[in-house]
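See below for structure-v7.pdb, which holds PDB, C-alpha atoms and all ligand atoms.
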```pdb
MODEL        1
ATOM      1  CA  MET L   1       0.000   0.000   0.000
ATOM      2  CA  LEU L   2       2.851   2.341   0.958
ATOM      3  CA  GLU L   3       6.311   1.823  -0.521
ATOM      4  CA  VAL L   4       9.094   4.128   0.647
ATOM      5  CA  ASP L   5      12.474   3.620  -0.938
ATOM      6  CA  HIS L   6      15.716   5.236   0.131
ATOM      7  CA  LEU L   7      14.430   8.689   1.099
ATOM      8  CA  VAL L   8      17.069  11.365   1.562
ATOM      9  CA  LYS L   9      16.395  14.843   2.988
ATOM     10  CA  ARG L  10      18.825  17.496   4.114
ATOM     11  CA  TYR L  11      18.232  20.763   5.958
ATOM     12  CA  GLY L  12      21.463  22.653   5.348
ATOM     13  CA  GLU L  13      24.049  20.854   7.449
ATOM     14  CA  VAL L  14      21.492  18.491   9.003
ATOM     15  CA  GLN L  15      20.929  15.142   7.317
ATOM     16  CA  ALA L  16      17.322  14.507   8.474
ATOM     17  CA  LEU L  17      16.851  11.378   6.321
ATOM     18  CA  ALA L  18      19.745   9.286   5.053
ATOM     19  CA  GLY L  19      18.159   6.460   3.039
ATOM     20  CA  PHE L  20      14.878   5.796   4.867
ATOM     21  CA  ASP L  21      13.089   2.625   3.655
ATOM     22  CA  LEU L  22       9.674   1.406   4.821
ATOM     23  CA  SER L  23       6.773  -0.531   3.399
ATOM     24  CA  VAL L  24       3.308  -0.800   4.945
ATOM     25  CA  ALA L  25       0.560  -3.189   3.812
ATOM     26  CA  ALA L  26      -3.195  -2.483   3.922
ATOM     27  CA  GLY L  27      -4.457  -3.271   7.429
ATOM     28  CA  GLU L  28      -0.947  -3.143   8.926
ATOM     29  CA  ILE L  29       0.020  -0.830  11.794
ATOM     30  CA  VAL L  30       3.684   0.193  11.767
ATOM     31  CA  GLY L  31       4.968   2.009  14.826
ATOM     32  CA  VAL L  32       7.992   4.168  14.073
ATOM     33  CA  VAL L  33      10.113   4.715  17.172
ATOM     34  CA  GLY L  34      13.456   6.406  17.655
ATOM     35  CA  HIS L  35      15.286   9.117  19.546
ATOM     36  CA  ASN L  36      14.407  12.795  19.150
ATOM     37  CA  GLY L  37      15.735  13.964  15.813
ATOM     38  CA  ALA L  38      15.843  10.460  14.254
ATOM     39  CA  GLY L  39      13.825  11.726  11.272
ATOM     40  CA  LYS L  40      10.332  10.376  12.060
ATOM     41  CA  SER L  41       8.422  13.621  11.496
ATOM     42  CA  THR L  42      10.426  14.493   8.394
ATOM     43  CA  PHE L  43       9.525  11.087   6.951
ATOM     44  CA  LEU L  44       5.817  11.628   7.721
ATOM     45  CA  GLU L  45       5.861  15.146   6.264
ATOM     46  CA  ILE L  46       7.217  13.773   2.984
ATOM     47  CA  VAL L  47       4.633  10.973   2.855
ATOM     48  CA  SER L  48       1.890  13.563   3.570
ATOM     49  CA  GLY L  49       3.114  15.675   0.656
ATOM     50  CA  LEU L  50       3.910  18.655   2.921
ATOM     51  CA  ILE L  51       7.588  18.740   1.978
ATOM     52  CA  ARG L  52       9.612  17.136  -0.829
ATOM     53  CA  GLN L  53      12.501  14.724  -0.502
ATOM     54  CA  ASP L  54      15.905  15.439  -2.075
ATOM     55  CA  SER L  55      15.915  11.921  -3.526
ATOM     56  CA  GLY L  56      14.219   8.537  -3.108
ATOM     57  CA  THR L  57      10.630   7.525  -3.832
ATOM     58  CA  VAL L  58       7.302   7.371  -2.011
ATOM     59  CA  LEU L  59       4.391   5.500  -3.619
ATOM     60  CA  ILE L  60       0.922   5.364  -2.068
ATOM     61  CA  ASN L  61      -1.084   2.752  -3.932
ATOM     62  CA  GLY L  62       1.303   3.359  -6.821
ATOM     63  CA  ARG L  63       1.019   7.166  -6.791
ATOM     64  CA  PRO L  64       3.300   9.882  -5.414
ATOM     65  CA  PRO L  65       2.038  11.805  -2.338
ATOM     66  CA  ALA L  66       0.899  14.858  -4.332
ATOM     67  CA  ALA L  67      -1.468  12.660  -6.372
ATOM     68  CA  ALA L  68      -2.708  10.618  -3.395
ATOM     69  CA  ARG L  69      -3.752  13.328  -0.905
ATOM     70  CA  ALA L  70      -7.382  12.147  -0.681
ATOM     71  CA  GLU L  71      -6.205   8.705   0.399
ATOM     72  CA  VAL L  72      -4.131  10.012   3.314
ATOM     73  CA  GLY L  73      -5.215  11.237   6.763
ATOM     74  CA  VAL L  74      -2.645  13.138   8.834
ATOM     75  CA  SER L  75      -2.459  14.024  12.510
ATOM     76  CA  PRO L  76       0.653  16.221  12.854
ATOM     77  CA  GLN L  77       2.874  16.236  15.921
ATOM     78  CA  HIS L  78       2.158  19.894  16.689
ATOM     79  CA  ILE L  79      -1.495  20.867  17.053
ATOM     80  CA  ALA L  80      -2.585  22.723  13.893
ATOM     81  CA  LEU L  81      -6.180  23.897  14.417
ATOM     82  CA  TYR L  82      -8.107  27.144  13.828
ATOM     83  CA  LEU L  83      -8.718  28.481  17.320
ATOM     84  CA  PRO L  84     -11.918  30.519  16.638
ATOM     85  CA  VAL L  85     -13.612  27.593  14.861
ATOM     86  CA  THR L  86     -15.653  24.815  16.549
ATOM     87  CA  VAL L  87     -14.785  21.115  16.493
ATOM     88  CA  ARG L  88     -17.824  20.334  14.295
ATOM     89  CA  GLU L  89     -16.836  23.078  11.822
ATOM     90  CA  HIS L  90     -13.323  21.619  11.586
ATOM     91  CA  LEU L  91     -14.716  18.170  10.813
ATOM     92  CA  ARG L  92     -17.173  19.620   8.248
ATOM     93  CA  LEU L  93     -14.410  21.628   6.575
ATOM     94  CA  PHE L  94     -11.877  18.803   6.294
ATOM     95  CA  GLY L  95     -14.527  16.168   5.494
ATOM     96  CA  GLY L  96     -15.953  18.461   2.785
ATOM     97  CA  LEU L  97     -12.494  19.133   1.315
ATOM     98  CA  ALA L  98     -11.998  15.355   1.097
ATOM     99  CA  GLY L  99     -15.222  15.085  -0.912
ATOM    100  CA  LEU L 100     -17.763  13.837   1.685
ATOM    101  CA  ARG L 101     -21.350  14.910   0.874
ATOM    102  CA  ARG L 102     -23.865  16.215   3.431
ATOM    103  CA  ALA L 103     -25.509  13.041   4.779
ATOM    104  CA  GLU L 104     -22.272  11.079   4.589
ATOM    105  CA  LEU L 105     -20.429  13.888   6.395
ATOM    106  CA  SER L 106     -23.009  14.149   9.197
ATOM    107  CA  ALA L 107     -22.908  10.383   9.713
ATOM    108  CA  ALA L 108     -19.080  10.410   9.784
ATOM    109  CA  ILE L 109     -19.057  13.274  12.338
ATOM    110  CA  ASP L 110     -21.569  11.485  14.596
ATOM    111  CA  GLU L 111     -19.623   8.240  14.435
ATOM    112  CA  LEU L 112     -16.260   9.861  15.194
ATOM    113  CA  ALA L 113     -17.681  12.119  17.901
ATOM    114  CA  ALA L 114     -18.919   9.000  19.714
ATOM    115  CA  ALA L 115     -15.729   6.983  19.169
ATOM    116  CA  MET L 116     -13.388   9.805  20.215
ATOM    117  CA  HIS L 117     -15.614  11.148  23.046
ATOM    118  CA  LEU L 118     -16.023  14.510  21.333
ATOM    119  CA  GLU L 119     -19.819  14.917  21.735
ATOM    120  CA  GLU L 120     -19.697  17.163  24.785
ATOM    121  CA  PHE L 121     -17.615  19.862  23.091
ATOM    122  CA  LEU L 122     -18.475  19.363  19.422
ATOM    123  CA  ASP L 123     -19.899  22.905  19.204
ATOM    124  CA  ARG L 124     -17.207  24.629  21.260
ATOM    125  CA  ARG L 125     -14.463  26.744  19.760
ATOM    126  CA  VAL L 126     -11.185  24.880  19.655
ATOM    127  CA  GLY L 127      -9.387  27.806  21.336
ATOM    128  CA  ILE L 128     -11.124  27.130  24.665
ATOM    129  CA  LEU L 129     -10.542  23.354  24.688
ATOM    130  CA  SER L 130      -7.971  21.537  26.814
ATOM    131  CA  GLY L 131      -4.796  20.136  25.235
ATOM    132  CA  GLY L 132      -6.189  16.576  25.309
ATOM    133  CA  GLN L 133      -9.476  17.678  23.719
ATOM    134  CA  GLN L 134      -7.521  19.466  20.964
ATOM    135  CA  ARG L 135      -5.498  16.257  20.405
ATOM    136  CA  ARG L 136      -8.699  14.270  19.962
ATOM    137  CA  THR L 137      -9.993  16.886  17.489
ATOM    138  CA  GLN L 138      -6.721  16.710  15.537
ATOM    139  CA  ALA L 139      -6.938  12.912  15.317
ATOM    140  CA  ALA L 140     -10.616  13.059  14.317
ATOM    141  CA  ILE L 141      -9.720  15.328  11.376
ATOM    142  CA  ALA L 142      -7.248  12.686  10.156
ATOM    143  CA  LEU L 143      -9.954  10.002  10.358
ATOM    144  CA  ILE L 144     -13.026  11.846   9.031
ATOM    145  CA  HIS L 145     -12.767  10.799   5.352
ATOM    146  CA  ARG L 146     -11.786   7.170   6.088
ATOM    147  CA  PRO L 147      -8.354   7.441   4.441
ATOM    148  CA  ALA L 148      -6.615   4.300   3.172
ATOM    149  CA  LEU L 149      -3.395   5.489   4.853
ATOM    150  CA  LEU L 150      -3.360   7.071   8.300
ATOM    151  CA  LEU L 151      -0.299   9.010   9.496
ATOM    152  CA  LEU L 152      -0.336   9.698  13.242
ATOM    153  CA  ASP L 153       2.652  11.622  14.584
ATOM    154  CA  GLU L 154       2.793  11.197  18.385
ATOM    155  CA  PRO L 155      -1.019  11.342  18.557
ATOM    156  CA  THR L 156      -1.105  10.647  22.305
ATOM    157  CA  ALA L 157       1.598  13.119  23.408
ATOM    158  CA  GLY L 158       0.260  14.782  26.558
ATOM    159  CA  ALA L 159      -3.029  12.860  26.337
ATOM    160  CA  ASP L 160      -4.845  11.522  29.413
ATOM    161  CA  PRO L 161      -5.551   7.752  29.656
ATOM    162  CA  GLU L 162      -9.127   8.154  28.352
ATOM    163  CA  THR L 163      -7.985  10.062  25.246
ATOM    164  CA  ARG L 164      -5.206   7.554  24.660
ATOM    165  CA  GLN L 165      -7.545   4.563  24.925
ATOM    166  CA  ALA L 166     -10.173   6.132  22.648
ATOM    167  CA  LEU L 167      -7.532   6.748  20.003
ATOM    168  CA  LEU L 168      -5.984   3.284  20.288
ATOM    169  CA  ASP L 169      -9.442   1.683  19.941
ATOM    170  CA  VAL L 170     -10.274   3.675  16.795
ATOM    171  CA  VAL L 171      -6.865   2.922  15.242
ATOM    172  CA  LYS L 172      -7.310  -0.825  15.907
ATOM    173  CA  GLN L 173     -10.792  -0.732  14.412
ATOM    174  CA  ARG L 174      -9.657   1.123  11.270
ATOM    175  CA  ALA L 175      -6.705  -1.233  10.750
ATOM    176  CA  ALA L 176      -9.068  -4.220  11.068
ATOM    177  CA  GLN L 177     -11.101  -2.617   8.265
ATOM    178  CA  GLY L 178      -8.011  -2.432   6.013
ATOM    179  CA  THR L 179      -6.492   0.981   6.765
ATOM    180  CA  ALA L 180      -2.680   1.114   6.683
ATOM    181  CA  VAL L 181      -1.390   3.035   9.724
ATOM    182  CA  ILE L 182       1.923   4.658  10.567
ATOM    183  CA  TYR L 183       2.096   5.650  14.211
ATOM    184  CA  THR L 184       5.032   7.401  15.839
ATOM    185  CA  THR L 185       5.323   7.322  19.592
ATOM    186  CA  HIS L 186       7.801   7.131  22.442
ATOM    187  CA  TYR L 187       5.528   4.632  24.287
ATOM    188  CA  LEU L 188       6.220   1.001  23.365
ATOM    189  CA  SER L 189       3.203  -0.151  25.416
ATOM    190  CA  GLU L 190       0.887   1.570  22.913
ATOM    191  CA  LEU L 191       2.502  -0.325  20.051
ATOM    192  CA  SER L 192       2.143  -3.616  21.946
ATOM    193  CA  GLU L 193      -1.547  -2.890  22.474
ATOM    194  CA  LEU L 194      -1.928  -2.088  18.750
ATOM    195  CA  GLN L 195       0.018  -5.275  17.895
ATOM    196  CA  ALA L 196       2.030  -3.030  15.617
ATOM    197  CA  THR L 197       5.099  -3.904  13.634
ATOM    198  CA  ILE L 198       7.871  -1.730  15.058
ATOM    199  CA  ALA L 199      10.344   0.122  12.851
ATOM    200  CA  VAL L 200      13.287   1.609  14.743
ATOM    201  CA  ALA L 201      14.584   4.837  13.178
ATOM    202  CA  LYS L 202      18.057   6.114  13.869
ATOM    203  CA  ARG L 203      19.865   9.005  12.209
ATOM    204  CA  GLY L 204      17.505   9.076   9.236
ATOM    205  CA  ARG L 205      17.319   5.322   8.573
ATOM    206  CA  VAL L 206      15.231   2.351   9.662
ATOM    207  CA  ILE L 207      17.747   0.094  11.401
ATOM    208  CA  ALA L 208      15.453  -2.664  12.718
ATOM    209  CA  ARG L 209      11.930  -3.903  12.085
ATOM    210  CA  GLY L 210       9.792  -6.545  13.842
ATOM    211  CA  SER L 211       7.163  -7.147  16.542
ATOM    212  CA  SER L 212       7.957  -5.780  20.017
ATOM    213  CA  GLU L 213       8.392  -9.393  21.215
ATOM    214  CA  GLU L 214      10.903 -10.071  18.426
ATOM    215  CA  LEU L 215      12.850  -6.889  19.090
ATOM    216  CA  LEU L 216      12.900  -7.301  22.868
ATOM    217  CA  ALA L 217      13.586 -11.068  22.835
ATOM    218  CA  GLY L 218      17.120 -11.765  23.847
ATOM    219  CA  LEU L 219      17.637  -8.352  25.470
ATOM    220  CA  PRO L 220      18.637  -8.906  29.087
ATOM    221  CA  GLY L 221      16.527  -7.610  31.946
ATOM    222  CA  GLU L 222      17.643  -7.512  35.558
ATOM    223  CA  VAL L 223      16.781  -9.222  38.851
ATOM    224  CA  ARG L 224      17.729  -7.411  42.066
ATOM    225  CA  VAL L 225      17.476  -9.003  45.511
ATOM    226  CA  THR L 226      18.121  -6.869  48.566
ATOM    227  CA  PHE L 227      19.455  -8.471  51.765
ATOM    228  CA  PRO L 228      20.047  -6.592  55.049
ATOM    229  CA  ASP L 229      23.740  -6.086  54.231
ATOM    230  CA  GLU L 230      23.884  -6.075  50.369
ATOM    231  CA  THR L 231      21.972  -5.951  47.076
ATOM    232  CA  VAL L 232      22.645  -8.670  44.500
ATOM    233  CA  SER L 233      21.800  -7.785  40.935
ATOM    234  CA  VAL L 234      21.913 -10.187  37.964
ATOM    235  CA  ALA L 235      21.428  -9.373  34.270
ATOM    236  CA  THR L 236      19.355 -12.167  32.697
ATOM    237  CA  THR L 237      16.979 -12.999  29.850
ATOM    238  CA  ASN L 238      15.029 -15.368  32.155
ATOM    239  CA  GLN L 239      14.040 -13.230  35.122
ATOM    240  CA  SER L 240      11.710 -15.678  36.896
ATOM    241  CA  ALA L 241      14.157 -18.614  36.802
ATOM    242  CA  THR L 242      16.982 -16.368  38.018
ATOM    243  CA  LEU L 243      14.833 -15.035  40.852
ATOM    244  CA  VAL L 244      13.815 -18.533  41.979
ATOM    245  CA  GLU L 245      17.480 -19.598  41.953
ATOM    246  CA  LEU L 246      18.570 -16.547  43.966
ATOM    247  CA  LEU L 247      15.836 -17.114  46.563
ATOM    248  CA  LYS L 248      16.594 -20.847  46.840
ATOM    249  CA  THR L 249      20.270 -20.254  47.518
ATOM    250  CA  ALA L 250      19.808 -17.242  49.805
ATOM    251  CA  GLN L 251      21.418 -17.818  53.202
ATOM    252  CA  LYS L 252      19.942 -14.718  54.836
ATOM    253  CA  PRO L 253      16.603 -12.920  55.067
ATOM    254  CA  VAL L 254      15.411 -11.205  51.880
ATOM    255  CA  GLU L 255      14.211  -7.618  52.304
ATOM    256  CA  SER L 256      12.905  -6.980  48.781
ATOM    257  CA  VAL L 257      13.049  -8.200  45.186
ATOM    258  CA  ASP L 258      12.867  -6.137  42.027
ATOM    259  CA  ILE L 259      12.440  -7.483  38.485
ATOM    260  CA  HIS L 260      13.165  -5.320  35.461
ATOM    261  CA  HIS L 261      11.862  -6.513  32.076
ATOM    262  CA  PRO L 262      13.556  -5.064  28.980
ATOM    263  CA  ASP L 263      11.666  -2.083  27.585
ATOM    264  CA  LEU L 264      11.985   0.519  24.848
ATOM    265  CA  ASP L 265      14.802   2.311  26.687
ATOM    266  CA  ASP L 266      16.814  -0.924  26.787
ATOM    267  CA  LEU L 267      16.058  -1.448  23.103
ATOM    268  CA  TYR L 268      17.293   2.066  22.269
ATOM    269  CA  ARG L 269      20.433   1.473  24.329
ATOM    270  CA  ALA L 270      21.136  -1.919  22.712
ATOM    271  CA  LEU L 271      20.649  -0.509  19.231
ATOM    272  CA  ALA L 272      22.902   2.435  19.988
ATOM    273  CA  VAL L 273      25.668   0.075  21.066
ATOM    274  CA  ASP L 274      25.189  -2.288  18.105
ATOM    275  CA  HIS L 275      25.158   0.311  15.409
ATOM    276  CA  ASP L 276      27.467   3.130  16.505
TER     277      ASP L 276
HETATM  278  N1  LIG K   1      12.393  22.625   8.927
HETATM  279  C1  LIG K   1      13.577  22.221   9.388
HETATM  280  N2  LIG K   1      14.671  22.987   9.253
HETATM  281  C2  LIG K   1      15.872  22.570   9.706
HETATM  282  N3  LIG K   1      16.097  21.381  10.346
HETATM  283  C3  LIG K   1      15.027  20.584  10.515
HETATM  284  C4  LIG K   1      13.730  20.945  10.051
HETATM  285  N4  LIG K   1      12.875  19.945  10.370
HETATM  286  C5  LIG K   1      13.607  18.985  11.000
HETATM  287  N5  LIG K   1      14.904  19.374  11.075
HETATM  288  C6  LIG K   1      16.006  18.589  11.672
HETATM  289  O1  LIG K   1      16.002  17.301  11.078
HETATM  290  C7  LIG K   1      16.280  16.288  12.049
HETATM  291  C8  LIG K   1      15.127  15.284  12.088
HETATM  292  O2  LIG K   1      13.997  15.930  12.706
HETATM  293  P1  LIG K   1      12.584  15.215  12.865
HETATM  294  O3  LIG K   1      11.626  16.246  13.378
HETATM  295  O4  LIG K   1      12.230  14.517  11.602
HETATM  296  O5  LIG K   1      12.912  14.125  13.994
HETATM  297  P2  LIG K   1      11.909  13.236  14.883
HETATM  298  O6  LIG K   1      12.443  11.844  14.831
HETATM  299  O7  LIG K   1      10.504  13.440  14.441
HETATM  300  O8  LIG K   1      12.142  13.840  16.325
HETATM  301  P3  LIG K   1      11.132  13.989  17.605
HETATM  302  O9  LIG K   1      11.054  12.633  18.264
HETATM  303  O10 LIG K   1      11.861  14.979  18.461
HETATM  304  O11 LIG K   1       9.825  14.477  17.094
HETATM  305  C9  LIG K   1      16.494  17.014  13.370
HETATM  306  O12 LIG K   1      17.892  17.175  13.531
HETATM  307  C10 LIG K   1      15.816  18.353  13.168
HETATM  308  O13 LIG K   1      16.443  19.357  13.922
ENDMDL
END
```
For the structure just supplied, provide its representation as structure tokens.
Ligand SMILES: Nc1ncnc2c1ncn2[C@@H]1O[C@H](COP(=O)(O)OP(=O)(O)OP(=O)(O)O)[C@@H](O)[C@H]1O
Amino acid sequence: MLEVDHLVKRYGEVQALAGFDLSVAAGEIVGVVGHNGAGKSTFLEIVSGLIRQDSGTVLINGRPPAAARAEVGVSPQHIALYLPVTVREHLRLFGGLAGLRRAELSAAIDELAAAMHLEEFLDRRVGILSGGQQRRTQAAIALIHRPALLLLDEPTAGADPETRQALLDVVKQRAAQGTAVIYTTHYLSELSELQATIAVAKRGRVIARGSSEELLAGLPGEVRVTFPDETVSVATTNQSATLVELLKTAQKPVESVDIHHPDLDDLYRALAVDHD
């Protein structure tokens, strides 16, 4: 559905993308993770048709971004809304621009308002909404015309748990209906919940791709057991077996145990070591 081949983009001295490759199938959710400045937003801006690459290709159902705008829904990282305009007017405007007719548009607004918990403030001006409510409005704009490709750039940044869950549920539902989704986030737990394929971006390239289980498998976690006079800490890929062993062989009272499972931070660290 989306084929991205060797994208390169420079901003003066800064090499934002240095050969970025990614493919996404219909119905697939790909979570793009990576340190600040890895090139995630630049990649999404090119796929959205907002900026142009220096070289490389992007094909959305066989067409370049400029010819495929109607098929793409975008929720940018930074809130981009018209403050004096209501939520409903935003959805009407963007739905209308994407070609939805009256009845279709009203039905789409009602459906999204319910799914994203927007009903209560549908007729309020965006300028007086909270940050989380603005986030939900921004995501709803991306979804209103049922795009075949959904680009969500940190859609849950600063969102409360209710907003986050509403968004995750809608994304799962759309993917199940065949929408291809690219989702950038710094929260690996969201990508696990979405059962997303993870693409790790580093310095303008995708350096690893797989499920979170695949990427985290083999990374060591840690088991720490605290005794009255010392703390023993063991790096291990099998935390429960290591803990049982430590407790069995302990010759003194145990004050506390602490198990650390590998997470996104460990993944970042491991990748940094492997690829520097
Ligand atoms: N308009 C611009 N002008 C100059 N440099 C830019 C511009 N946009 C991005 N950059 C630079 O390109 C690099 C990649 O930025 P980008 O925003 O794509 O990273 P990111 O992975 O989305 O980061 P974050 O997680 O912080 O959102 C950074 O070094 C950034 O400073």
Q) What does the PyMOL selection byres (((chain L and resi 6-16) around 6) and not hetatm) select in this file, as a PyMOL selection string? A) chain L and resi 5+17-21+39+53-56+204
Q | Near-Leu151 of chain L list (7 Å; all atoms listed in the file; drop same-chain fewer than 2 positions) as a ChimeraX atom specification | A | /L:44,73-75,149,153,181-183
Q) Written as a PyMOL selection string, which residues does the PyMOL selection byres (((chain L and resi 226) around 6) and not hetatm) give for the file shown? A) chain L and resi 225+227+231+255-256
Those selected residues, please, written with C-alpha atoms and delivered as a PDB file, keeping the file's coordinate frame.
```pdb
ATOM      1  CA  VAL L 225      17.476  -9.003  45.511  1.00  0.00           C
ATOM      2  CA  PHE L 227      19.455  -8.471  51.765  1.00  0.00           C
ATOM      3  CA  THR L 231      21.972  -5.951  47.076  1.00  0.00           C
ATOM      4  CA  GLU L 255      14.211  -7.618  52.304  1.00  0.00           C
ATOM      5  CA  SER L 256      12.905  -6.980  48.781  1.00  0.00           C
TER       6      SER L 256
END
```
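Minimum atom-to-atom distances from L:Phe43, L:Tyr268, L:Phe94, L:Tyr187 to ligand LIG 1 (chain K) were compared using only C-alpha atoms and all ligand atoms, and the lowest value belongs to L:Phe43.
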Using all atoms of ligand LIG 1 (chain K) that appear in the file, construct an axis-aligned enclosing box with 8 Å of padding on every side and provide its centre coordinates and edge lengths in Å, rounded to one decimal, as lines of an AutoDock Vina configuration file.
```
center_x = 13.9
center_y = 17.4
center_z = 13.7
size_x = 24.1
size_y = 27.1
size_z = 25.5
```
(Q) Could you list, as number ranges by chain, every residue matched by the PyMOL selection byres (((chain L and resi 105-115) around 7) and not hetatm) in this structure? (A) L: 91-92, 95, 100-104, 116-119, 140, 144, 166, 170
(Q) Between atom CA of Ser189 of chain L and atom CA of Asn238 of chain L, what is the distance in Å, rounded to a tenth? (A) 20.4 Å
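Within 6 Å of the point (5.6, 4.2, 19.1), counting all atoms listed in the file, the protein and nucleic acid residues come to L:Gly31, L:Val32, L:Val33, L:Thr184, L:Thr185, L:His186, L:Tyr187, L:Leu188, L:Leu191.
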Just-selected residues, C-alpha atoms written as a short mmCIF file (atom, residue, chain, number, x, y, z; two decimals), keeping the file's coordinate frame:
```cif
data_model
loop_
_atom_site.label_atom_id
_atom_site.label_comp_id
_atom_site.auth_asym_id
_atom_site.auth_seq_id
_atom_site.Cartn_x
_atom_site.Cartn_y
_atom_site.Cartn_z
CA GLY L 31 4.97 2.01 14.83
CA VAL L 32 7.99 4.17 14.07
CA VAL L 33 10.11 4.72 17.17
CA THR L 184 5.03 7.40 15.84
CA THR L 185 5.32 7.32 19.59
CA HIS L 186 7.80 7.13 22.44
CA TYR L 187 5.53 4.63 24.29
CA LEU L 188 6.22 1.00 23.36
CA LEU L 191 2.50 -0.32 20.05
#
```
Q: Would you kindly return, as number ranges by chain, each protein, DNA or RNA residue with an atom no farther than 12 Å from any atom of Ile29 of chain L, considering all atoms listed in the file and excluding same-chain residues fewer than 5 positions away?
A: L: 1-2, 23-24, 149-152, 168, 171-184, 190-199, 210-211
Q. What does the distance from atom CA of Lys202 of chain L to atom C5 of ligand LIG 1 (chain K) come to in Å, to one decimal?
A. 13.9 Å
Q | Top pick for closest residue to ligand LIG 1 (chain K), considering L:Asp265, L:Asp169, L:Glu154, L:Glu89 and counting all atoms listed in the file | A | L:Glu154
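When atom CA of Leu129 of chain L is paired with atom CA of Pro84 of chain L, their separation reads 10.9 Å.
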Residue neighbourhood Thr237 of chain L, 9 Å, only C-alpha atoms, exclusion window fewer than 2 positions, as an mmCIF file with C-alpha atoms, in the coordinates of the input:
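Output saved as around.cif:
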```cif
data_model
loop_
_atom_site.group_PDB
_atom_site.id
_atom_site.type_symbol
_atom_site.label_atom_id
_atom_site.label_comp_id
_atom_site.auth_asym_id
_atom_site.auth_seq_id
_atom_site.Cartn_x
_atom_site.Cartn_y
_atom_site.Cartn_z
ATOM 1 C CA ALA L 217 13.586 -11.068 22.835
ATOM 2 C CA GLY L 218 17.120 -11.765 23.847
ATOM 3 C CA LEU L 219 17.637 -8.352 25.470
ATOM 4 C CA PRO L 220 18.637 -8.906 29.087
ATOM 5 C CA GLY L 221 16.527 -7.610 31.946
ATOM 6 C CA GLU L 222 17.643 -7.512 35.558
ATOM 7 C CA ALA L 235 21.428 -9.373 34.270
ATOM 8 C CA GLN L 239 14.040 -13.230 35.122
ATOM 9 C CA THR L 242 16.982 -16.368 38.018
ATOM 10 C CA HIS L 261 11.862 -6.513 32.076
ATOM 11 C CA PRO L 262 13.556 -5.064 28.980
#
```
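If you measure from each of L:Leu167, L:Ala201, L:Ala66, L:Ser130 to ligand LIG 1 (chain K) using only C-alpha atoms and all ligand atoms, the closest one turns out to be L:Ala201.
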Q. What lies within 9 Å of Arg135 of chain L using all atoms listed in the file, ignoring chain neighbours under 5 positions off, as a list in words?
A. Ser75, Ile79, Ser130, Ala140, Pro155, Thr156, Ala157, Gly158, Ala159 and Thr163 of chain L
Q) If we count all atoms listed in the file, what is near Leu83 of chain L at a cut-off of 8 Å, once residues fewer than 4 positions away on the same chain are taken out, given as a PyMOL selection string? A) chain L and resi 125-128
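Distance check against ligand LIG 1 (chain K) using only C-alpha atoms and all ligand atoms: of L:Arg205, L:Pro161, L:Arg124, L:Gly49, the minimum falls on L:Arg205.
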Could you add the missing atoms to segment 182-193 of chain L, up to N, CA and C atoms, and return them as a short mmCIF file (atom, residue, chain, number, x, y, z; two decimals), in the coordinates of the input?
```
data_model
loop_
_atom_site.label_atom_id
_atom_site.label_comp_id
_atom_site.auth_asym_id
_atom_site.auth_seq_id
_atom_site.Cartn_x
_atom_site.Cartn_y
_atom_site.Cartn_z
N ILE L 182 0.58 4.40 10.03
CA ILE L 182 1.92 4.66 10.57
C ILE L 182 1.74 5.52 11.81
N TYR L 183 2.36 5.07 12.90
CA TYR L 183 2.10 5.65 14.21
C TYR L 183 3.44 5.92 14.88
N THR L 184 3.78 7.16 15.12
CA THR L 184 5.03 7.40 15.84
C THR L 184 4.71 7.66 17.31
N THR L 185 5.55 7.14 18.16
CA THR L 185 5.32 7.32 19.59
C THR L 185 6.63 7.04 20.33
N HIS L 186 6.68 7.50 21.58
CA HIS L 186 7.80 7.13 22.44
C HIS L 186 7.34 6.10 23.47
N TYR L 187 6.07 5.60 23.32
CA TYR L 187 5.53 4.63 24.29
C TYR L 187 5.37 3.26 23.63
N LEU L 188 6.27 2.34 23.97
CA LEU L 188 6.22 1.00 23.36
C LEU L 188 4.94 0.26 23.77
N SER L 189 4.41 0.56 24.96
CA SER L 189 3.20 -0.15 25.42
C SER L 189 2.04 0.09 24.45
N GLU L 190 1.97 1.29 23.87
CA GLU L 190 0.89 1.57 22.91
C GLU L 190 1.04 0.68 21.68
N LEU L 191 2.28 0.49 21.25
CA LEU L 191 2.50 -0.32 20.05
C LEU L 191 2.23 -1.80 20.34
N SER L 192 2.49 -2.23 21.59
CA SER L 192 2.14 -3.62 21.95
C SER L 192 0.64 -3.77 21.90
N GLU L 193 -0.08 -2.81 22.47
CA GLU L 193 -1.55 -2.89 22.47
C GLU L 193 -2.10 -2.91 21.04
#
```
